[in-house]
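Right, one structure below, let's go through it.
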Amino acid sequence: MSIWEYANPKKFLATSEKVMPALWVLSIALTVGGLIWGFFLTPDDYRQGSTVKIIFIHVPAALMAINAWFMMLVASLIWVIRRHHVSALAAKAAAPIGVVMTLIALITGALWGQPMWGTWWAWDPRLTSFLVLFLFYLGYIALWEAIEDPDTAADLTAILCLVGSVFAVLSRYAVLFWNQGLHQGASVMRAGAVAGDTEERVSNVFATPLFVCMGGFALLFLVLVLYRTGTEIRARRIKALLARERLEAEA
Amino acid sequence: MIALLLRDLNLAMRAGGGFGLGLSFFLIVTVMVPFAVGPETELLSRIAPGVLWIGALLACLLSLDRILALDWEDGSLDLLATAPLPLEAIVTIKSLAHWITTGLPLVLIAPVLGVLLHLPANAYLWIFVSLLLGTPALSVIGTFGAALTVGLKRGGLLLSLLVLPLYVPTLIFGAEMARRGASGLSTETPMLLLAGISAASVALLPFVSAAVLRINLR
Amino acid sequence: MTLTVSDLSVARGGLPVLEGLSFDLPPGVAVILRGPNGIGKTTLLRTIAGLQPPLKGTVTGAEDQVAYAAHADGIKLTLTVAENLAFWTRVFDHTGIDDAIESFNLTALRDRPAGALSAGQKRRLGLARMLVTGRPIWILDEPTVSLDSDHVRQFSDVVRRHLEGGGSALIATHIDLGLEGTVLNVGPFKAAPPPIDDFDGGFL
């Protein structure tokens, strides 16, 4: 038994179809539960009022926006090295989800920033980096769409993803260098750990439902990727069958 | 290799070669900016380094799809790929030819256009140096984008979409260096980072571009 | 230098088109490829020229030995005939374009920009390129397209001279070139569609 067995499209489809119903239920339950908990069962922040509650969408979406790219990077590497088609298709399937997550993070960020900082948009390093990430996603998706031959498309987008990742990291540092911003540091990870003392920390009342939401978003991402990869596999299969039919008609 | 470089330069100089196109574009952008933002000397002089950088970057972008597409269309690229030159050398030469015909003229003309934008006196040197350090990276990254889109009809717009995000670090460090120079601050850090990006791109990206081209040729 | 093709399968756009091809191309011999349109002759030639990887099988003796002429001639229209040839001479590290120019009757057109040439004249220039490469193995894809009958004969003479000089040629063509060579009909090597339930790997 090797993990690469799941790189076989048939095996992948069979397995993912088995686990997907449970994943759907769990991810929706966690997301909805976490959001209800966060929106209605937590107190308003003494400084930010109820606006703070946008955190329950904003932070998980931002988290998944980055993790989706990371997943695409890993999947691209697997395709380049081991040439499993499922891996390339999974990367393709993840990109539109990633771009939606990025967009959600940007929009909720703007909605949150307006009452807090008094502006919809600021050229803050974190915001700018997300905007750049958004552009990277657009380029990646556009390249997939533009190339007809599926293997060529897989190869070229994988290389773009690898090179893009290097430049995305560079951009991140460049942007930090260019402007130190308004956005607070990532305070979530320190939050659950110790009962802290700084004001900027996310307090425990918010932390637990936030973690539930993050778990829900992560599972939602997972199940969506599985679902979309399955669709891509079937689309690819149909293409192959049609091509095969043309071959037979010629013969 | 020299033969290829000379041919590309020769082609760029002749009719329809597109030499000077980038330069004219750069000139037009620079002239349009004061029309858009108003003629106040102080404002123009403040934004001049940034305008010159973005103008140079766009002018560079404009000519990227000529790097490989012309040779792809007439079949030269296939023939070159079966010639004794390694593909890595071919893309390097192509980048170099693009830099000589587009990047270098932009570097040389930028200080002149700076006059139109009331570039502060101490910034002339810095805009020149920052563009000199940054434009090679623009050409090499652009060649990578051109290699990605070479087989596509109407790949020009896609090329811009792919390449612009990759230009972000170069633009930030390059323009930052020019801006700091203009306001008399230390330019050492952005200069080193810009030089680092250029050096690393020139050293590594041709291998990636060659791999991409190999995939596109098959 | 003998070019050896053994058990070669080639694919176009991810679909296998020809399979199980084996043949030798020793010095002094021409192999003429025949077969209907779309069977994969161009794909085969591109694979042998090293432009695309084979699906299966091997090609040996081709590296740095082949000169490839495709449907497109790779001519720069703003350069003159002589400049075009001189460029390829330098790329292949060879010398002299005069022989190539005379062989294809291009002397009068020598200093004319390639953009002012007719289709047949351009083709002759494209074929003249083969002579300036100095490579022993010629791979020619439909070399006689848009040539008139006199120039087809002239082309055959050039190939014959190349073979006598110890070179070899692999030519895909639909017409009779009057060359004494082995004829290889690729029709029987058409790839069979893969089994329908093979759902692994390439989805084919």
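Ordering of the structure tokens sets the chain letters (A, B, ...), residue numbers begin anew at 1 in every chain, and ligands are numbered from 1 in the order given.
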
* Asked: Counting only C-alpha atoms, which residues from chain B have an atom at most 8 Å from any atom of chain C, and could you show them as an NGL selection string?
  -> :B and (1 or 3-4 or 7 or 11 or 14-15 or 71 or 74-79 or 81-85 or 214 or 217-218)

Selection above as a file: C-alpha atoms, as a compact mmCIF listing (two decimals), in the first residue's frame:
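File written: again35.txt
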```txt
# COMPACT_ATOMS: atom_id res chain seq x y z
CA MET B 1 25.38 32.76 -30.17
CA ALA B 3 25.25 35.34 -34.72
CA LEU B 4 21.82 35.06 -33.10
CA ARG B 7 20.55 38.82 -36.20
CA LEU B 11 16.00 42.55 -37.31
CA ARG B 14 15.00 47.12 -39.89
CA ALA B 15 11.52 48.10 -40.99
CA ASP B 71 10.45 33.33 -34.34
CA ASP B 74 7.88 31.77 -39.06
CA GLY B 75 9.24 28.45 -37.81
CA SER B 76 12.70 29.75 -36.86
CA LEU B 77 12.24 28.61 -33.28
CA ASP B 78 11.83 24.96 -34.34
CA LEU B 79 14.92 25.22 -36.47
CA ALA B 81 15.91 24.26 -31.29
CA THR B 82 17.49 21.64 -33.58
CA ALA B 83 20.63 23.78 -34.03
CA PRO B 84 23.77 23.23 -31.96
CA LEU B 85 22.82 26.05 -29.57
CA ARG B 214 10.80 22.83 -24.66
CA LEU B 217 7.70 23.11 -28.81
CA ARG B 218 6.74 19.49 -28.39
```

* To do: Fewer than 4 positions away in the same chain doesn't count, so skip those; otherwise give me all residues within 8 Å of Leu224 in chain A, counting only C-alpha atoms, as number ranges by chain.
  => A: 97, 220, 228

* **Long-range neighbours of Glu102 in chain C as a PyMOL selection string, 12 Å cut-off, only C-alpha atoms, 3 positions minimum in chain** => chain C and resi 82+96-99+105-110+124-125+128+131+154-155+158

Considering only C-alpha atoms, give me a table of residues in chain B that are at most 7 Å from chain A, with the closest atom pair and distance in Å for each, as a Markdown table.
```
| residue | atom | partner | partner_atom | distance |
| --- | --- | --- | --- | --- |
| B:Leu148 | CA | A:Leu156 | CA | 6.6 |
| B:Leu161 | CA | A:Gly139 | CA | 5.6 |
| B:Leu162 | CA | A:Gly139 | CA | 4.9 |
| B:Pro165 | CA | A:Phe136 | CA | 6.2 |
| B:Leu166 | CA | A:Phe167 | CA | 5.9 |
| B:Val168 | CA | A:Ser171 | CA | 6.1 |
| B:Pro169 | CA | A:Ser171 | CA | 4.9 |
| B:Ile172 | CA | A:Ala174 | CA | 6.4 |
| B:Phe173 | CA | A:Ala174 | CA | 6.8 |
| B:Val212 | CA | A:Leu156 | CA | 6.6 |
| B:Ile215 | CA | A:Thr152 | CA | 6.6 |
```

Within 8 Å of range 35-45 of chain A, counting only C-alpha atoms, which residues qualify if same-chain residues fewer than 4 places away don't, as a PDB file with C-alpha atoms, in the first residue's frame?
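Dumped everything to selection-v6.pdb:
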```
ATOM      1  CA  THR A  31     -18.882  26.620   9.392  1.00  0.00           C
ATOM      2  CA  GLY A  49     -18.481  47.030  18.902  1.00  0.00           C
ATOM      3  CA  SER A  50     -20.162  44.389  16.807  1.00  0.00           C
ATOM      4  CA  VAL A  52     -15.378  42.805  15.335  1.00  0.00           C
ATOM      5  CA  LYS A  53     -17.518  39.843  14.395  1.00  0.00           C
ATOM      6  CA  PHE A  56     -15.189  35.038  11.860  1.00  0.00           C
ATOM      7  CA  ILE A  57     -15.267  35.257   8.085  1.00  0.00           C
ATOM      8  CA  VAL A 205     -14.266  34.561  24.044  1.00  0.00           C
ATOM      9  CA  PHE A 206     -13.701  35.057  20.378  1.00  0.00           C
ATOM     10  CA  PRO A 209     -15.653  30.111  17.788  1.00  0.00           C
ATOM     11  CA  LEU A 210     -12.945  31.506  15.521  1.00  0.00           C
ATOM     12  CA  CYS A 213     -14.845  28.663  11.844  1.00  0.00           C
TER      13      CYS A 213
END
```
